[in-house]
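A.B. asks: My structure is in data24.cif, and what it holds is mmCIF, C-alpha atoms:
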data_work
loop_
_atom_site.label_atom_id
_atom_site.label_comp_id
_atom_site.auth_asym_id
_atom_site.auth_seq_id
_atom_site.Cartn_x
_atom_site.Cartn_y
_atom_site.Cartn_z
CA MET J 179 -13.79 -35.12 -8.27
CA THR J 180 -12.29 -33.63 -5.13
CA ASP J 181 -12.26 -37.08 -3.49
CA THR J 182 -9.63 -38.24 -5.94
CA PHE J 183 -7.95 -34.85 -6.39
CA GLU J 184 -4.20 -35.01 -5.99
CA PRO J 185 -2.69 -31.52 -5.97
CA LYS J 186 0.36 -30.69 -8.01
CA ILE J 187 2.90 -28.95 -5.83
CA VAL J 188 6.05 -27.26 -7.09
CA ALA J 189 8.68 -26.93 -4.37
CA PHE J 190 11.71 -24.70 -4.82
CA LEU J 191 14.38 -26.15 -2.54
CA CYS J 192 17.64 -24.48 -1.68
CA ASN J 193 20.64 -26.62 -2.55
CA TRP J 194 22.39 -26.31 0.80
CA CYS J 195 19.60 -26.82 3.33
CA SER J 196 16.19 -27.84 2.12
CA TYR J 197 17.25 -30.06 -0.76
CA ALA J 198 19.65 -31.87 1.57
CA GLY J 199 16.84 -32.05 4.12
CA ALA J 200 14.58 -33.64 1.51
CA ASP J 201 17.37 -36.04 0.61
CA ASN J 202 17.82 -37.03 4.24
CA ALA J 203 14.07 -37.50 4.62
CA GLY J 204 14.28 -39.97 1.74
CA VAL J 205 17.32 -41.76 3.15
CA ALA J 206 15.56 -42.08 6.50
CA ARG J 207 12.49 -43.43 4.66
CA MET J 208 10.20 -40.81 6.11
CA PRO J 209 6.89 -40.71 4.30
CA SER J 210 6.59 -37.49 2.35
CA PRO J 211 3.90 -36.87 -0.29
CA ALA J 212 4.60 -37.74 -3.91
CA ASN J 213 2.65 -34.64 -5.01
CA VAL J 214 5.71 -32.51 -4.50
CA LEU J 215 7.84 -31.78 -7.55
CA PRO J 216 11.16 -30.55 -6.20
CA ILE J 217 13.15 -27.97 -8.13
CA ARG J 218 16.64 -27.48 -6.80
CA VAL J 219 17.90 -23.90 -6.76
CA MET J 220 21.24 -22.74 -5.40
CA CYS J 221 19.56 -20.40 -2.91
CA SER J 222 16.01 -19.51 -1.95
CA GLY J 223 17.05 -15.97 -2.90
CA ARG J 224 17.32 -17.27 -6.45
CA VAL J 225 13.57 -17.86 -6.55
CA SER J 226 12.17 -14.84 -8.30
CA PRO J 227 8.47 -14.00 -8.08
CA GLU J 228 8.31 -14.73 -11.81
CA MET J 229 9.29 -18.35 -11.15
CA VAL J 230 6.52 -18.80 -8.60
CA LEU J 231 3.98 -17.16 -10.89
CA ARG J 232 5.08 -19.32 -13.80
CA ALA J 233 4.62 -22.43 -11.68
CA PHE J 234 1.02 -21.37 -11.06
CA ARG J 235 0.51 -20.56 -14.72
CA SER J 236 1.90 -23.94 -15.70
CA GLY J 237 -0.66 -25.80 -13.63
CA ALA J 238 0.70 -26.00 -10.09
CA ASP J 239 -2.04 -26.00 -7.45
CA GLY J 240 0.43 -24.86 -4.80
CA VAL J 241 3.97 -23.52 -4.64
CA LEU J 242 6.38 -24.11 -1.79
CA VAL J 243 9.62 -22.19 -1.29
CA LEU J 244 12.00 -23.72 1.24
CA GLY J 245 15.35 -22.27 2.24
CA CYS J 246 17.93 -22.21 5.00
CA HIS J 247 16.92 -20.65 8.30
CA ILE J 248 17.77 -16.96 8.60
CA GLY J 249 21.38 -16.77 9.75
CA ASP J 250 22.30 -20.11 8.17
CA CYS J 251 22.34 -19.04 4.53
CA HIS J 252 25.25 -20.51 2.59
CA TYR J 253 25.58 -17.12 0.89
CA ILE J 254 25.21 -15.23 4.21
CA SER J 255 22.34 -13.01 3.13
CA GLY J 256 20.66 -14.76 0.18
CA ASN J 257 17.58 -15.69 2.13
CA HIS J 258 17.30 -12.15 3.51
CA ARG J 259 16.03 -11.22 0.05
CA THR J 260 13.62 -14.14 0.12
CA ILE J 261 12.05 -13.15 3.43
CA LYS J 262 11.43 -9.63 2.16
CA ARG J 263 10.19 -10.52 -1.29
CA MET J 264 7.96 -13.53 -0.69
CA PRO J 265 5.49 -11.98 1.79
CA LEU J 266 4.84 -9.30 -0.84
CA LEU J 267 4.14 -11.97 -3.45
CA HIS J 268 1.97 -13.80 -0.94
CA ASN J 269 -0.17 -10.69 -0.53
CA LEU J 270 -0.24 -9.99 -4.26
CA LEU J 271 -1.61 -13.47 -4.95
CA SER J 272 -4.43 -12.89 -2.49
CA TYR J 273 -5.20 -9.49 -4.09
CA VAL J 274 -6.02 -11.19 -7.38
CA GLY J 275 -7.97 -13.96 -5.69
CA ILE J 276 -5.46 -16.79 -5.35
CA HIS J 277 -5.89 -18.35 -1.91
CA PRO J 278 -2.91 -17.46 0.33
CA ASP J 279 -2.65 -21.10 1.45
CA ARG J 280 -1.56 -22.06 -2.05
CA PHE J 281 1.81 -20.44 -1.44
CA ARG J 282 4.12 -21.05 1.47
CA LEU J 283 7.59 -19.89 2.42
CA ASP J 284 9.34 -21.89 5.12
CA TRP J 285 12.76 -22.81 6.37
CA VAL J 286 14.11 -26.37 6.49
CA SER J 287 17.73 -27.12 7.33
CA SER J 288 19.62 -30.17 6.07
CA ALA J 289 19.34 -31.73 9.54
CA GLU J 290 15.57 -31.28 9.62
CA ALA J 291 14.40 -34.25 7.58
CA PRO J 292 11.31 -34.80 9.81
CA ARG J 293 10.47 -31.14 9.38
CA PHE J 294 10.64 -31.48 5.60
CA ALA J 295 8.21 -34.39 5.73
CA GLN J 296 5.93 -32.46 8.07
CA VAL J 297 5.95 -29.21 6.05
CA THR J 298 5.28 -30.97 2.76
CA GLN J 299 2.50 -33.09 4.27
CA GLU J 300 0.84 -30.07 5.86
CA PHE J 301 1.08 -28.11 2.64
CA VAL J 302 -0.28 -30.90 0.45
CA GLU J 303 -3.22 -31.34 2.83
CA ALA J 304 -3.91 -27.59 2.82
CA VAL J 305 -3.88 -27.43 -0.99
CA ARG J 306 -5.90 -30.64 -1.31
CA ALA J 307 -8.61 -29.03 0.81
CA LEU J 308 -8.66 -26.02 -1.53
CA GLY J 309 -9.11 -28.10 -4.67
CA PRO J 310 -7.57 -27.47 -8.09
CA LEU J 311 -6.47 -23.93 -8.92
CA ALA J 312 -8.19 -24.24 -12.31
CA GLU J 313 -11.50 -24.74 -10.51
CA ASP J 314 -10.98 -21.39 -8.81
CA GLY J 315 -11.02 -19.82 -12.25
CA TRP J 316 -7.37 -18.94 -12.69
CA MET C 234 2.18 29.93 -10.79
CA ARG C 235 3.37 29.56 -14.39
CA GLU C 236 4.82 33.10 -14.34
CA GLN C 237 6.67 32.38 -11.09
CA ILE C 238 8.13 29.21 -12.57
CA CYS C 239 9.17 30.97 -15.78
CA LYS C 240 10.87 33.68 -13.73
CA LEU C 241 12.76 31.10 -11.69
CA VAL C 242 13.73 29.15 -14.81
CA ALA C 243 14.98 32.35 -16.49
CA GLU C 244 17.07 33.14 -13.41
CA LYS C 245 18.61 29.68 -13.31
CA LEU C 246 19.16 29.13 -17.05
CA PRO C 247 22.56 30.89 -17.29
CA GLU C 248 24.13 28.37 -14.90
CA LEU C 249 22.41 25.28 -16.39
CA ALA C 250 22.74 23.45 -19.68
CA GLY C 251 18.97 23.65 -19.94
CA VAL C 252 15.70 23.08 -18.14
CA VAL C 253 13.41 20.17 -19.00
CA ALA C 254 9.77 21.20 -19.16
CA LEU C 255 6.74 20.96 -21.41
CA ARG C 256 6.56 23.29 -24.40
CA GLN C 257 3.36 24.19 -26.16
CA THR C 258 3.48 25.24 -29.78
CA ALA C 259 0.94 25.36 -32.59
CA VAL C 260 1.47 21.63 -33.25
CA GLY C 261 0.98 20.48 -29.67
CA THR C 262 2.68 19.99 -26.32
CA ALA C 263 5.84 17.96 -25.83
CA PRO C 264 8.81 17.73 -23.48
CA TYR C 265 11.49 20.24 -24.37
CA LEU C 266 14.89 21.33 -23.16
CA PHE C 267 14.66 25.08 -22.64
CA ARG C 268 18.02 26.77 -23.12
CA GLU C 269 19.14 30.35 -22.63
CA GLY C 270 17.38 32.64 -25.06
CA ASP C 271 14.45 30.27 -25.67
CA ASP C 272 10.93 31.66 -25.58
CA LEU C 273 9.78 30.83 -22.06
CA SER C 274 6.24 31.93 -22.86
CA GLN C 275 5.90 28.50 -24.49
CA LEU C 276 6.63 26.75 -21.20
CA VAL C 277 3.45 25.11 -19.89
CA LEU C 278 2.65 22.92 -16.89
CA GLU C 279 -0.20 20.86 -18.32
CA PRO C 280 -0.83 18.06 -19.10
CA ARG C 281 0.92 15.76 -16.67
CA TYR C 282 3.90 14.10 -18.27
CA PRO C 283 6.71 11.94 -16.78
CA LEU C 284 9.60 14.37 -17.29
CA PRO C 285 11.96 12.38 -14.98
CA SER C 286 12.49 9.83 -17.77
CA VAL C 287 13.58 12.64 -20.08
CA VAL C 288 15.97 13.96 -17.42
CA SER C 289 17.48 10.51 -17.02
CA MET C 290 18.01 10.15 -20.77
CA LEU C 291 19.66 13.59 -21.00
CA GLN C 292 21.92 13.06 -18.00
CA LYS C 293 23.13 9.74 -19.38
CA ARG C 294 23.75 11.27 -22.80
CA TYR C 295 25.60 14.30 -21.35
CA PRO C 296 27.46 13.03 -18.28
CA GLU C 297 28.98 16.43 -17.44
CA ALA C 298 26.00 18.71 -17.98
CA ARG C 299 23.80 20.16 -15.26
CA PHE C 300 20.11 20.31 -16.07
CA GLY C 301 17.03 21.68 -14.42
CA VAL C 302 13.57 20.16 -14.41
CA VAL C 303 10.11 21.51 -13.73
CA ALA C 304 8.55 18.89 -11.47
CA ARG C 305 5.33 18.12 -9.63
CA GLY C 306 5.21 16.20 -6.35
CA CYS C 307 5.02 12.86 -8.16
CA ASP C 308 7.86 13.82 -10.53
CA ALA C 309 10.06 14.66 -7.55
CA ARG C 310 9.22 11.31 -5.93
CA ALA C 311 10.01 9.51 -9.17
CA LEU C 312 13.36 11.33 -9.35
CA VAL C 313 14.12 10.23 -5.78
CA GLU C 314 13.61 6.56 -6.64
CA MET C 315 15.58 6.98 -9.88
CA ALA C 316 18.47 8.58 -8.00
CA LYS C 317 18.65 5.58 -5.67
CA ARG C 318 18.92 3.28 -8.66
CA ASN C 319 21.57 5.34 -10.45
CA GLN C 320 19.26 6.56 -13.17
CA ILE C 321 19.79 10.24 -12.42
CA ASP C 322 22.42 12.23 -10.56
CA PRO C 323 20.78 14.64 -8.10
CA GLU C 324 24.04 16.62 -7.87
CA ARG C 325 23.62 17.60 -11.50
CA LEU C 326 19.95 18.48 -11.28
CA TYR C 327 18.15 21.65 -10.28
CA LEU C 328 14.59 20.89 -9.21
CA VAL C 329 12.03 23.58 -9.98
CA GLY C 330 9.12 22.17 -8.01
CA PHE C 331 5.51 23.27 -8.12
CA THR C 332 2.35 22.19 -6.38
CA CYS C 333 -0.62 20.60 -8.07
CA SER C 334 -4.03 22.12 -7.35
CA ALA C 335 -6.32 20.57 -4.75
CA GLU C 336 -8.60 19.30 -7.56
CA GLN C 337 -5.69 17.61 -9.32
CA ALA C 338 -4.58 16.04 -6.05
CA ALA C 339 -8.09 14.69 -5.46
CA GLU C 340 -8.20 13.28 -8.99
CA CYS C 341 -4.94 11.41 -8.36
CA TYR C 342 -5.71 10.50 -4.72
CA CYS C 343 -2.33 12.17 -4.18
CA ALA C 344 -1.07 12.24 -0.61
CA ALA C 345 1.78 14.66 -1.37
CA PRO C 346 1.00 17.10 -4.21
CA ALA C 347 3.93 19.38 -3.33
CA PRO C 348 7.51 18.23 -4.04
CA ASP C 349 9.49 17.46 -0.92
CA THR C 350 12.84 19.19 -1.34
CA ALA C 351 14.44 17.80 1.82
CA GLY C 352 17.60 15.98 0.86
CA TRP C 353 17.79 17.52 -2.61
CA PRO C 354 21.06 19.33 -3.24
CA GLN C 355 19.45 22.11 -5.31
CA ALA C 356 15.73 22.66 -5.30
CA MET C 357 13.06 25.32 -5.04
CA VAL C 358 9.30 24.96 -4.74
CA VAL C 359 6.90 27.47 -6.23
CA GLY C 360 3.33 27.94 -5.08
CA VAL C 361 1.37 27.39 -1.90
CA PRO C 362 1.42 23.70 -0.92
CA VAL C 363 -2.02 22.11 -0.86
CA ALA C 364 -2.98 19.36 1.57
CA GLY C 365 -2.86 15.74 0.46
CA ALA C 366 -6.03 14.14 -0.88
CA PRO C 367 -7.60 11.06 0.75
CA PRO C 368 -6.52 7.67 -0.67
CA ASN C 369 -8.42 5.74 -3.30
CA PRO C 370 -11.60 4.38 -1.60
CA LEU C 371 -11.28 1.19 -3.66
CA VAL C 372 -8.13 0.28 -1.73
CA ALA C 373 -9.95 0.47 1.62
CA GLN C 374 -12.92 -1.47 0.24
CA TYR C 375 -10.60 -4.14 -1.03
CA GLU C 376 -10.22 -5.77 2.38
CA GLU C 377 -13.91 -6.65 2.47
CA MET C 378 -13.88 -8.34 -0.92
CA SER C 379 -13.79 -12.13 -0.87
CA LEU C 380 -11.17 -14.01 -2.88
CA ALA C 381 -13.80 -14.91 -5.48
CA GLU C 382 -14.86 -11.26 -5.82
CA ARG C 383 -11.26 -10.14 -6.21
CA ARG C 384 -10.67 -12.78 -8.85
CA ALA C 385 -13.81 -11.84 -10.74
CA PHE C 386 -12.87 -8.15 -10.57
CA TRP C 387 -9.35 -8.61 -11.92
CA GLN C 388 -10.27 -11.21 -14.49
CA GLN C 389 -12.70 -8.72 -15.95
CA GLN C 390 -10.10 -5.95 -15.84
CA PHE C 391 -7.17 -7.95 -17.20
CA ALA C 392 -9.32 -9.33 -20.02
CA LYS C 393 -9.40 -5.79 -21.42
CA CYS C 394 -5.59 -5.58 -21.65
CA ILE C 395 -4.35 -5.23 -25.23
CA LYS C 396 -0.72 -5.60 -24.10
CA CYS C 397 0.30 -2.25 -25.54
CA TYR C 398 2.98 -1.99 -22.81
CA GLY C 399 1.88 1.62 -22.34
CA CYS C 400 1.89 1.28 -18.55
CA ARG C 401 5.49 0.13 -18.65
CA ASN C 402 6.64 2.64 -21.24
CA ILE C 403 5.23 5.65 -19.41
CA CYS C 404 6.45 4.54 -15.98
CA PRO C 405 9.40 6.63 -14.73
CA GLU C 406 10.54 3.66 -12.63
CA CYS C 407 10.61 1.20 -15.55
CA PHE C 408 14.10 1.76 -16.87
CA CYS C 409 15.59 -1.76 -17.00
CA GLU C 410 17.32 -2.47 -20.28
CA ALA C 411 16.27 -6.12 -20.13
CA CYS C 412 12.59 -6.21 -19.21
CA ALA C 413 11.04 -9.35 -17.72
CA LEU C 414 7.80 -8.43 -19.48
CA GLU C 415 9.51 -8.95 -22.84
CA ASP C 416 10.97 -12.30 -21.84
CA PRO C 417 8.93 -15.16 -23.37
CA LEU C 418 9.95 -17.23 -20.36
CA TRP C 419 7.60 -15.17 -18.19
CA VAL C 420 5.15 -13.46 -20.53
CA GLU C 421 3.82 -15.31 -23.55
CA ALA C 422 4.21 -13.32 -26.75
CA GLY C 423 1.34 -13.00 -29.17
CA MET C 424 -1.30 -13.92 -26.63
CA LEU C 425 -3.92 -11.44 -25.61
CA ALA C 426 -5.55 -11.72 -22.22
CA PRO C 427 -3.95 -15.05 -21.35
CA PRO C 428 -5.81 -17.05 -18.68
CA PHE C 429 -3.11 -16.37 -16.10
CA PRO C 430 -2.17 -12.68 -15.77
CA MET C 431 1.63 -13.04 -15.80
CA PHE C 432 2.14 -9.59 -17.31
CA HIS C 433 0.23 -7.73 -14.62
CA LEU C 434 1.45 -9.80 -11.68
CA VAL C 435 5.10 -9.56 -12.70
CA ARG C 436 4.71 -5.83 -13.19
CA ALA C 437 2.97 -5.42 -9.82
CA MET C 438 5.83 -7.27 -8.10
CA HIS C 439 8.39 -5.09 -9.82
CA MET C 440 6.47 -1.98 -8.75
CA ALA C 441 6.75 -2.89 -5.07
CA SER C 442 9.31 -0.52 -3.49
CA ARG C 443 9.39 1.54 -6.69
CA CYS C 444 5.89 2.82 -7.41
CA VAL C 445 5.64 6.47 -6.40
CA ALA C 446 1.91 6.68 -7.17
CA CYS C 447 2.20 9.11 -10.08
CA ARG C 448 -0.68 7.26 -11.77
CA GLN C 449 0.68 7.81 -15.24
CA CYS C 450 0.11 4.12 -16.03
CA GLU C 451 -3.59 4.37 -15.29
CA LEU C 452 -3.82 7.65 -17.17
CA VAL C 453 -2.35 6.22 -20.38
CA CYS C 454 -4.04 2.80 -20.25
CA PRO C 455 -6.29 2.63 -23.33
CA ALA C 456 -8.30 -0.14 -21.68
CA HIS C 457 -8.89 1.85 -18.45
CA ILE C 458 -7.56 -0.88 -16.18
CA PRO C 459 -7.39 0.47 -12.60
CA LEU C 460 -3.75 -0.56 -12.25
CA THR C 461 -3.03 1.75 -9.36
CA VAL C 462 -5.42 -0.15 -7.10
CA LEU C 463 -3.01 -3.08 -7.30
CA TYR C 464 0.08 -0.86 -7.03
CA ASP C 465 -1.40 1.10 -4.11
CA LEU C 466 -1.91 -2.18 -2.27
CA MET C 467 1.73 -3.07 -2.94
CA ARG C 468 2.78 0.38 -1.74
CA ARG C 469 0.82 -0.12 1.46
CA ASP C 470 2.40 -3.55 1.99
CA ILE C 471 5.94 -2.34 1.45
CA GLY C 472 5.23 0.31 4.08
CA GLU C 473 3.76 -2.14 6.55
CA LEU C 474 6.21 -5.00 5.99
CA LEU C 475 9.43 -3.16 5.31
CA GLY C 476 8.73 0.32 6.68
CA TYR C 477 9.55 1.94 3.36
CA GLU C 478 7.77 4.65 1.45
CA PRO C 479 8.92 4.91 -2.17
CA GLY C 480 9.92 8.40 -3.19
CA ALA C 481 9.82 9.87 0.31
CA ASP C 482 13.39 9.93 1.57
CA ILE C 483 16.30 10.24 -0.83
CA ALA C 484 18.67 8.87 1.83
CA ALA C 485 16.69 5.65 2.49
CA ALA C 486 17.98 2.68 0.47
CA PRO C 487 15.47 0.44 -1.38
CA PRO C 488 14.65 -2.33 1.13
CA LEU C 489 14.47 -5.27 -1.29
CA SER C 490 18.14 -4.91 -2.12
CA LEU C 491 19.23 -4.77 1.52
CA THR C 492 20.09 -7.54 3.96
CA LEU C 493 18.19 -7.90 7.21
CA ALA C 494 21.05 -6.24 9.09
CA ASP C 495 20.42 -3.06 7.10
CA GLY C 496 16.66 -3.07 7.36
CA MET C 497 14.40 -5.36 9.33
CA VAL C 498 11.17 -6.98 8.25
CA HIS C 499 8.23 -5.70 10.24
CA GLY C 500 5.64 -8.11 11.57
CA GLN C 501 7.43 -11.14 10.16
CA ASP C 502 8.84 -12.51 13.41
CA GLN C 503 7.12 -15.86 12.92
CA LEU C 504 9.31 -16.50 9.90
CA LEU C 505 12.59 -15.80 11.64
#
Would you mind giving the structure from this file in C-alpha cells?
C.D. replies:
Amino acid sequence: MTDTFEPKIVAFLCNWCSYAGADNAGVARMPSPANVLPIRVMCSGRVSPEMVLRAFRSGADGVLVLGCHIGDCHYISGNHRTIKRMPLLHNLLSYVGIHPDRFRLDWVSSAEAPRFAQVTQEFVEAVRALGPLAEDGW
Amino acid sequence: MREQICKLVAEKLPELAGVVALRQTAVGTAPYLFREGDDLSQLVLEPRYPLPSVVSMLQKRYPEARFGVVARGCDARALVEMAKRNQIDPERLYLVGFTCSAEQAAECYCAAPAPDTAGWPQAMVVGVPVAGAPPNPLVAQYEEMSLAERRAFWQQQFAKCIKCYGCRNICPECFCEACALEDPLWVEAGMLAPPFPMFHLVRAMHMASRCVACRQCELVCPAHIPLTVLYDLMRRDIGELLGYEPGADIAAAPPLSLTLADGMVHGQDQLL
C-alpha cells in the first residue's frame, strides 16, 4: 500500500510571492510534485487555522502554507500574523496526535522558483514517509 | 470573608449603579445586580460562576453606568482579557476582589487565586492571598506521550462530546457575535463526534492568547472532557512563543493582533 501511496498535499500560496514563485517554477520547467494542490490566497495571513484544519478533515495528508519572506509582505505586516499563528497550530496538531511533519510553514518569494520546487519536493517526501493520515486514525 | 465583602459592597453601592454578584434565595443561586437598599445577606460567593460575562452585558446595555463586580482571581483575569478586546470598560468598573481558598486553588490548579489589581483603575481585594497551586500534572506528563497515545487519548475524549456548546457558552472570552463553531463551513452541523475534531481544534486555537484558565468549560462539560489540558498547553505555548500571559497585564496588547514590530516571536528565528 505504502509503496504506491501518493500523498495529497494542500498548499496555501500567497498571491504576491509564493504563487508567482510556483508559476515561475512551472515556466522554468522545474520538476515539482503533482501531489500539491495549490490554493491561491491574497496573503498567507489570510490562511486561518480553520482552513488548515478543514484541509486535513477533507482528506489532505499534509498542508503547506507558503508566504512572502518577513519584511517582503505585500500588505506590510500580513505575514506577521502568519508567523505568530501557525507555530501555535503546529503544536496543537501534535497535541492531538497529528505528526508535526504533516504541516509546514515556509517562505518562498516570486524569484525563488527553485526554492518552491525544493520545498514542495521535500514536503511531499516527508509526508509520503508518514503514510496516509487516515491510517493514523484521524 | 463574605462579611468583609458585603461591608465593602455596602460602602461602595451609593456611588455605583449596582454590584454584580451571586444571590442566593429559596429558589437557588443566580447572578444578580445588587442595588442600594437590596438585602446583602443574600450575597453569596459560591458556586463559581463567570460573572464577567454579566458585567459585559450590563455595560453594553447601559453605556453610562458604573458597576461593581465581586470577582475571584480568574474572574479578574477574564475581565482583563475582555477589557483588551473592548468587551468591558475598566474605567466604569469597581472590582471587589476576593481570594479563593487553598483547596479551591488546588482543585483548579490555579496559579493565581487572588485577583491582581495592578493596572485596575478602581479595585480592592478582600482576604489573605493564598499561594498558587501547582499546575495540572497531566500537562507535564503530556510531553512523554507518543503521538499515537495522544491521538488515542483525545479520540476517546472527543467521542464523548455531545456538542452542547456548553464550553463555549460559559466561557467569558467567547463573546464573538459570529462564532466559527456555528459556521457549517468549519463545523458540520448535526454530526456527533465527527471523525475529525474540528469543533475542539478550532476552539483550542481561538483560546490561544485568550484562555485565562478559569476552568469553567471543564466544570460545565456534561461529558467530562478534560478541555483545560489542551487549553493549558496552548497557554504554555503562547507564553513560550510570544511571551504573553493571558489575563496577567492589562496594559499588554494581545500578541496575535500585533505586528512583529510591536511584539517579537520567541524562539522562531529559523523562520525569519
A.B. asks: Using all atoms listed in the file, I'd like a table of the residues in chain C that come within 10 Å of chain J; for each, show the closest atom pair and its distance in Å rounded to one decimal, ordered by chain and ascending number, as CSV.
C.D. replies:
residue,atom,partner,partner_atom,distance
C:Tyr375,CA,J:Tyr273,CA,8.2
C:Glu376,CA,J:Tyr273,CA,9.0
C:Met378,CA,J:Tyr273,CA,9.3
C:Ser379,CA,J:Gly275,CA,7.8
C:Leu380,CA,J:Gly275,CA,4.3
C:Ala381,CA,J:Gly275,CA,5.9
C:Glu382,CA,J:Gly275,CA,7.4
C:Arg383,CA,J:Gly275,CA,5.1
C:Arg384,CA,J:Gly275,CA,4.3
C:Ala385,CA,J:Gly275,CA,8.0
C:Phe386,CA,J:Val274,CA,8.1
C:Trp387,CA,J:Val274,CA,6.2
C:Gln388,CA,J:Val274,CA,8.3
C:Ala413,CA,J:Glu228,CA,8.4
C:Leu414,CA,J:Glu228,CA,9.9
C:Leu418,CA,J:Arg232,CA,8.4
C:Trp419,CA,J:Glu228,CA,6.4
C:Val420,CA,J:Arg232,CA,8.9
C:Pro427,CA,J:Arg235,CA,9.7
C:Pro428,CA,J:Trp316,CA,6.5
C:Phe429,CA,J:Arg235,CA,5.7
C:Pro430,CA,J:Arg235,CA,8.4
C:Met431,CA,J:Leu231,CA,6.8
C:Phe432,CA,J:Glu228,CA,9.7
C:Leu434,CA,J:Leu270,CA,7.6
C:Val435,CA,J:Glu228,CA,6.2
C:Arg436,CA,J:Glu228,CA,9.7
C:Ala437,CA,J:Leu270,CA,7.9
C:Met438,CA,J:Leu267,CA,6.8
C:His439,CA,J:Pro227,CA,9.1
C:Ala441,CA,J:Leu266,CA,7.9
C:Val462,CA,J:Tyr273,CA,9.8
C:Leu463,CA,J:Tyr273,CA,7.5
C:Tyr464,CA,J:Leu270,CA,9.5
C:Leu466,CA,J:Tyr273,CA,8.2
C:Met467,CA,J:Leu266,CA,7.3
C:Arg468,CA,J:Leu266,CA,9.9
C:Asp470,CA,J:Leu266,CA,6.9
C:Ile471,CA,J:Leu266,CA,7.4
C:Leu474,CA,J:Lys262,CA,8.0
C:Leu475,CA,J:Lys262,CA,7.5
C:Pro488,CA,J:Lys262,CA,8.0
C:Leu489,CA,J:Arg259,CA,6.3
C:Ser490,CA,J:Arg259,CA,7.0
C:Leu491,CA,J:Arg259,CA,7.3
C:Thr492,CA,J:His258,CA,5.4
C:Leu493,CA,J:His258,CA,5.7
C:Ala494,CA,J:His258,CA,9.0
C:Gly496,CA,J:Lys262,CA,9.9
C:Met497,CA,J:Lys262,CA,8.9
C:Val498,CA,J:Lys262,CA,6.6
C:His499,CA,J:Lys262,CA,9.5
C:Gln501,CA,J:Ile261,CA,8.4
C:Leu504,CA,J:Asp284,CA,7.2
C:Leu505,CA,J:Ile248,CA,6.1
A.B. asks: When the PyMOL selection byres ((chain J and resi 241-246) around 7) is applied to the file above, which residues end up in the set, as an MDAnalysis selection string?
C.D. replies: chainID J and resid 187:192 195:196 221:222 230 238 240 247:248 250:251 257 280:287
A.B. asks: What residues have an atom no more than 7 Å from (12.0, 10.8, -1.4) in the file's own frame, counting all atoms listed in the file, and can you write them as a list in words?
C.D. replies: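 Final list of nearby residues, as requested, is Arg310, Val313, Glu314, Pro479, Gly480, Ala481, Asp482 and Ile483 of chain C.
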A.B. asks: Work out how far apart CA of Asp239 (chain J) and CA of Val225 (chain J) are and give it in Å to one decimal.
C.D. replies: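 Computing the Euclidean distance for CA of Asp239 (chain J) and CA of Val225 (chain J) yields 17.6 Å.
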A.B. asks: Report the residues retrieved by the PyMOL selection byres ((chain C and resi 249) around 9) from the displayed file, expressed as a PyMOL selection string.
C.D. replies: chain C and resi 245-248+250-252+268-269+298-301+326-327
A.B. asks: Using all atoms listed in the file, pick whichever of C:Val445, C:Ala411, C:Ala392, C:Ala338 has the shortest atom-to-atom distance to His457 (chain C).
C.D. replies: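 Using all atoms listed in the file, the shortest distance to His457 (chain C) belongs to C:Ala392.
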A.B. asks: Any chance you could resolve the PyMOL selection byres ((chain J and resi 289) around 8) against this file and give the residues as number ranges by chain?
C.D. replies: J: 195, 198-199, 202, 287-288, 290-291
A.B. asks: Record the distance separating CA of Met208 (chain J) and CA of Thr298 (chain J), expressed in Å with one decimal.
C.D. replies: 11.5 Å
A.B. asks: I'd like to know which of C:Ala243, C:Cys400, C:Ala366, C:Ile458 is closest to Met440 (chain C), using all atoms listed in the file.
C.D. replies: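 Of C:Ala243, C:Cys400, C:Ala366, C:Ile458, the one nearest Met440 (chain C) is C:Cys400, counting all atoms listed in the file.
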A.B. asks: To one decimal in Å, tell me the separation between CA of Pro296 (chain C) and CA of Asp322 (chain C).
C.D. replies: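 So the two atoms, CA of Pro296 (chain C) and CA of Asp322 (chain C), lie 9.3 Å apart.
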A.B. asks: Region 342-350 of chain C: which residues within 12 Å, counting only C-alpha atoms, same-chain residues fewer than 3 positions away excluded, as a ChimeraX atom specification?
C.D. replies: /C:303-313,323,327-339,353-372,445-448,461-462,465,478,480-483
A.B. asks: Which residue out of C:Glu279, C:Glu324, C:Glu236, C:Asp271 has the minimum interatomic distance to Glu297 (chain C) when all atoms listed in the file are used?
C.D. replies: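 Of all the options, C:Glu324 lies closest to Glu297 (chain C).
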